[in-house]
Amino acid sequence: MTAVSTPERSPSGSPVDFRNVLGHFPTGVVLITGIADDGSPVGMIVGSFTSVSLDPPLVAFLPTLASQTFKKLRTAGSFCVNVLAADQEDLCRRFAGRAEDKFADVNWSPSPSGAPVLDGSVAFIDCTFDSINDAGDHHIVIGAVQVLEVLRPVAPLLFFQGGYGRFAPMSISAAFDADLIAGVRLAERGRVEFEHLADSLGAECTAMAVISDQMAVTVAAFGASASAARIGERIPLMPPMGELCLAWEDTAAIERWLARAVPSDECTPEQYRGRLATVRDRGWSITMRGSYRDEEVYEALREYSSGCYTPAQERRIREIISRTSSSYAPVSLEPGQSYDVDSVLAPVRDAAGKVRLVLRLSGLPGPASAESIRAWARQLMQTAHSAESLLGTGAK
Ligand SMILES: Cc1cc2nc3c(=O)[nH]c(=O)nc-3n(C[C@H](O)[C@H](O)[C@H](O)COP(=O)(O)O)c2cc1C
């Protein structure tokens, strides 16, 4: 093993170094509450909370020996851990400060043991004191868990280098802003062409920016019937969604996309590869109005678009979206047949062949003949190509 050598390295660790280095490690934030022996509610913000044992169920936190709040808290018969939510930063600051009555105007209800559970907390863990030992200038308090419950499964509050924040999935935080702004600029430069297409067909034309290989976000809507509410809508690039964004990608990217399919998906990876090949051959794609247009799917997509979800909620959203796979099955357009088309989509690709924008025509008259659909697709493809050349990025 090689030792890490950096200018910040310190063998002994002065208090400043100690705080600096340990500050590089993030923590969650909990409020430990109790009713002191004089009957008053007590609350202390703690980042040193951790689970200790499953059997028996034990948790721990480390109050400093100097804490006046803990001196009161330990006179309580029990304590309750409130897991704070990302939107409870103000409460956290109030309890971490030195206000006289920290509970004034704070709504709470008693836990089973009587300790305060603040409204809006993510979860509570009600404990009796199991043991209090000292380690250096802190106590190690072990709590025996009596009752615990998730009250509000939202993103928790996080603390890092003196600042507060919230959890964001790696995929979203990394490239989001840059890709989004690039997409907005592309859509703006193609505005005249996109508006012309929407108006000439009496339809709505939206432009979706591709964000890393994770999602497509609607960044512009054109046409008389265009709805501004569409802007900001997000579509996760996971099977069955996002075929058009993936069709020209390399094997590794396609495998990553396939790996995002949920286990209960009825389509096999082979079927999805087949769908990508169809899209690649056509150069465009269509979706049909289908049974997937139920409220549950809309609600899942709305929740996804809000960007406010925990990993557990994201797994549920993905499970619901996976039920739409039949609506994305490739349709071979037979002459003389008519189809209930939901949208026709075409890619705008950059010089490297990467899909940067997806143009989507919707609000088309229906049911439509195979011939009309092909005609719409040709016009959409022409618009996409001229957007590529307008941008000086003709696809290879
Ligand atoms: C994010 C955060 C985490 C904290 N974690 C701890 C902790 O683990 N242990 C502790 O004793 N104090 C911790 N504190 C400080 C206490 O919340 C509180 O400010 C301190 O106990 C106030 O001193 P007092 O108890 O003497 O009034 C933390 C403060 C913040 C803002």
# chains A, B, ... in the order shown; residues from 1 in each chain; ligands from 1
>>> residues_near_ligand(ligand="ligand 1", cutoff="10 Å", atoms="only C-alpha atoms and all ligand atoms", output="PyMOL selection string")
chain A and resi 26-32+42-49+61-73+89+92-100+137-140+157-164
>>> write_last_selection(atoms="N, CA and C atoms", output="compact mmCIF listing (two decimals), in the first residue's frame")
# COMPACT_ATOMS: atom_id res chain seq x y z
N PRO A 26 -18.75 14.18 5.25
CA PRO A 26 -20.09 14.72 5.47
C PRO A 26 -20.86 13.91 6.52
N THR A 27 -21.86 14.53 7.13
CA THR A 27 -22.72 13.79 8.06
C THR A 27 -24.17 14.14 7.79
N GLY A 28 -25.05 13.32 8.32
CA GLY A 28 -26.46 13.66 8.39
C GLY A 28 -26.65 14.57 9.60
N VAL A 29 -27.85 15.05 9.82
CA VAL A 29 -28.12 15.93 10.96
C VAL A 29 -29.38 15.44 11.68
N VAL A 30 -29.24 15.23 12.98
CA VAL A 30 -30.42 14.84 13.77
C VAL A 30 -30.59 15.82 14.92
N LEU A 31 -31.82 15.89 15.41
CA LEU A 31 -32.10 16.66 16.63
C LEU A 31 -32.45 15.63 17.70
N ILE A 32 -31.64 15.62 18.77
CA ILE A 32 -31.92 14.69 19.88
C ILE A 32 -32.77 15.45 20.89
N VAL A 42 -36.07 19.63 25.77
CA VAL A 42 -34.66 19.92 25.48
C VAL A 42 -34.36 19.38 24.08
N GLY A 43 -33.52 20.10 23.31
CA GLY A 43 -33.16 19.62 21.98
C GLY A 43 -31.74 19.98 21.62
N MET A 44 -31.03 19.07 21.02
CA MET A 44 -29.61 19.28 20.69
C MET A 44 -29.32 18.74 19.29
N ILE A 45 -28.71 19.59 18.45
CA ILE A 45 -28.34 19.16 17.09
C ILE A 45 -27.05 18.35 17.15
N VAL A 46 -27.05 17.22 16.46
CA VAL A 46 -25.93 16.29 16.52
C VAL A 46 -25.62 15.74 15.13
N GLY A 47 -24.33 15.77 14.77
CA GLY A 47 -23.92 15.15 13.51
C GLY A 47 -23.27 13.80 13.75
N SER A 48 -23.02 13.49 15.02
CA SER A 48 -22.28 12.26 15.34
C SER A 48 -23.21 11.08 15.60
N PHE A 49 -24.40 11.13 15.05
CA PHE A 49 -25.35 10.03 15.26
C PHE A 49 -25.01 8.86 14.34
N PHE A 61 -24.75 8.49 19.86
CA PHE A 61 -24.32 9.85 19.46
C PHE A 61 -23.29 10.33 20.48
N LEU A 62 -22.54 11.36 20.10
CA LEU A 62 -21.40 11.80 20.91
C LEU A 62 -21.53 13.27 21.29
N PRO A 63 -22.11 13.58 22.45
CA PRO A 63 -22.16 14.99 22.89
C PRO A 63 -20.85 15.39 23.55
N THR A 64 -20.46 16.65 23.38
CA THR A 64 -19.24 17.11 24.03
C THR A 64 -19.45 17.18 25.56
N LEU A 65 -18.37 16.93 26.32
CA LEU A 65 -18.48 16.97 27.79
C LEU A 65 -18.97 18.33 28.26
N ALA A 66 -18.67 19.38 27.44
CA ALA A 66 -19.01 20.76 27.86
C ALA A 66 -20.46 21.12 27.56
N SER A 67 -21.21 20.27 26.88
CA SER A 67 -22.55 20.66 26.43
C SER A 67 -23.52 20.83 27.60
N GLN A 68 -24.05 22.07 27.69
CA GLN A 68 -25.05 22.36 28.73
C GLN A 68 -26.36 21.65 28.39
N THR A 69 -26.64 21.57 27.11
CA THR A 69 -27.89 20.93 26.68
C THR A 69 -27.88 19.45 27.06
N PHE A 70 -26.74 18.81 26.84
CA PHE A 70 -26.72 17.38 27.17
C PHE A 70 -26.83 17.14 28.69
N LYS A 71 -26.27 18.11 29.45
CA LYS A 71 -26.39 17.97 30.92
C LYS A 71 -27.87 17.87 31.30
N LYS A 72 -28.72 18.67 30.63
CA LYS A 72 -30.18 18.61 30.90
C LYS A 72 -30.78 17.34 30.30
N LEU A 73 -30.35 17.05 29.07
CA LEU A 73 -30.95 15.91 28.35
C LEU A 73 -30.77 14.60 29.11
N GLU A 89 -33.56 23.24 7.54
CA GLU A 89 -32.30 23.91 7.88
C GLU A 89 -32.51 25.01 8.93
N CYS A 92 -32.78 23.59 12.28
CA CYS A 92 -31.47 23.09 12.69
C CYS A 92 -30.63 24.26 13.24
N ARG A 93 -30.63 25.38 12.51
CA ARG A 93 -29.83 26.53 12.95
C ARG A 93 -30.34 27.05 14.30
N ARG A 94 -31.65 27.06 14.47
CA ARG A 94 -32.22 27.55 15.72
C ARG A 94 -31.76 26.66 16.90
N PHE A 95 -31.83 25.33 16.71
CA PHE A 95 -31.47 24.43 17.81
C PHE A 95 -29.97 24.35 18.04
N ALA A 96 -29.18 24.66 16.98
CA ALA A 96 -27.72 24.64 17.16
C ALA A 96 -27.24 25.93 17.81
N GLY A 97 -28.11 26.95 17.86
CA GLY A 97 -27.72 28.24 18.44
C GLY A 97 -27.97 28.28 19.94
N ARG A 98 -27.97 29.50 20.48
CA ARG A 98 -28.06 29.61 21.95
C ARG A 98 -29.34 30.33 22.38
N ALA A 99 -30.39 30.25 21.55
CA ALA A 99 -31.66 30.93 21.90
C ALA A 99 -32.18 30.44 23.25
N GLU A 100 -32.88 31.32 23.92
CA GLU A 100 -33.36 31.01 25.28
C GLU A 100 -34.37 29.85 25.23
N ASP A 137 -12.78 14.27 24.98
CA ASP A 137 -13.62 15.37 25.45
C ASP A 137 -15.10 15.18 25.10
N HIS A 138 -15.49 13.96 24.72
CA HIS A 138 -16.90 13.67 24.41
C HIS A 138 -17.43 12.47 25.21
N HIS A 139 -18.74 12.42 25.37
CA HIS A 139 -19.40 11.21 25.87
C HIS A 139 -19.75 10.34 24.66
N ILE A 140 -19.81 9.05 24.91
CA ILE A 140 -20.40 8.16 23.90
C ILE A 140 -21.71 7.66 24.50
N LEU A 157 -31.48 16.30 5.59
CA LEU A 157 -30.51 17.40 5.64
C LEU A 157 -29.10 16.83 5.82
N LEU A 158 -28.14 17.39 5.08
CA LEU A 158 -26.74 16.95 5.19
C LEU A 158 -25.86 18.13 5.61
N PHE A 159 -24.74 17.83 6.25
CA PHE A 159 -23.82 18.87 6.74
C PHE A 159 -22.42 18.54 6.23
N PHE A 160 -21.73 19.56 5.67
CA PHE A 160 -20.42 19.32 5.09
C PHE A 160 -19.61 20.61 5.10
N GLN A 161 -18.44 20.59 5.71
CA GLN A 161 -17.54 21.76 5.76
C GLN A 161 -18.27 23.03 6.18
N GLY A 162 -19.10 22.90 7.21
CA GLY A 162 -19.78 24.07 7.75
C GLY A 162 -21.02 24.51 6.99
N GLY A 163 -21.36 23.79 5.92
CA GLY A 163 -22.54 24.18 5.14
C GLY A 163 -23.57 23.07 5.10
N TYR A 164 -24.82 23.47 4.79
CA TYR A 164 -25.90 22.49 4.70
C TYR A 164 -26.21 22.18 3.24
>>> select_by_dssp(residues="stretch 8-231 of chain A", states="strand (DSSP E)", output="NGL selection string")
:A and (27-28 or 30-35 or 41-46 or 50-53 or 58-61 or 78-83 or 108-110 or 116-118 or 123-135 or 138-150 or 157-160 or 163-166 or 204-211 or 215-222)
>>> residues_around(residues="stretch 267-276 of chain A", least_positions_apart="6", cutoff="10 Å", atoms="only C-alpha atoms", output="list in words")
Pro239, Pro240, Gly242, Glu243, Leu244, Cys245, Leu246, Ala247, Trp248, Glu249, Ile254, Glu255, Trp257, Leu258, Ala259, Ala261, Arg282, Ser285, Ser322, Arg323, Ser325, Ser326, Tyr328, Ala329, Pro330 and Val331 of chain A
>>> atom_distance(atom1="atom CA of A:Leu186", atom2="atom CA of A:Arg374")
25.5 Å
>>> residues_around(residues="stretch 191-205 of chain A", least_positions_apart="5", cutoff="10 Å", atoms="only C-alpha atoms", output="PyMOL selection string")
chain A and resi 185-186+220-227+343-345+359-365+376+379-380+382-384+386-387+390
>>> residues_around(residues="A:Ile321", least_positions_apart="4", cutoff="8 Å", atoms="only C-alpha atoms", output="ChimeraX atom specification")
/A:240,297,300-301,317
>>> write_last_selection(atoms="N, CA and C atoms", output="PDB file, in the first residue's frame")
ATOM      1  N   PRO A 240     -38.207   1.605 -21.067  1.00  0.00           N
ATOM      2  CA  PRO A 240     -38.252   1.689 -22.526  1.00  0.00           C
ATOM      3  C   PRO A 240     -37.985   3.094 -23.058  1.00  0.00           C
ATOM      4  N   VAL A 297     -48.577   6.766 -14.115  1.00  0.00           N
ATOM      5  CA  VAL A 297     -47.358   7.045 -14.885  1.00  0.00           C
ATOM      6  C   VAL A 297     -47.116   8.550 -14.962  1.00  0.00           C
ATOM      7  N   ALA A 300     -45.761   9.646 -11.717  1.00  0.00           N
ATOM      8  CA  ALA A 300     -44.361   9.239 -11.555  1.00  0.00           C
ATOM      9  C   ALA A 300     -43.441  10.181 -12.336  1.00  0.00           C
ATOM     10  N   LEU A 301     -43.867  10.543 -13.564  1.00  0.00           N
ATOM     11  CA  LEU A 301     -43.034  11.444 -14.377  1.00  0.00           C
ATOM     12  C   LEU A 301     -43.011  12.853 -13.777  1.00  0.00           C
ATOM     13  N   ILE A 317     -40.386   5.144  -8.934  1.00  0.00           N
ATOM     14  CA  ILE A 317     -40.718   5.861 -10.178  1.00  0.00           C
ATOM     15  C   ILE A 317     -40.291   5.002 -11.378  1.00  0.00           C
TER      16      ILE A 317
END
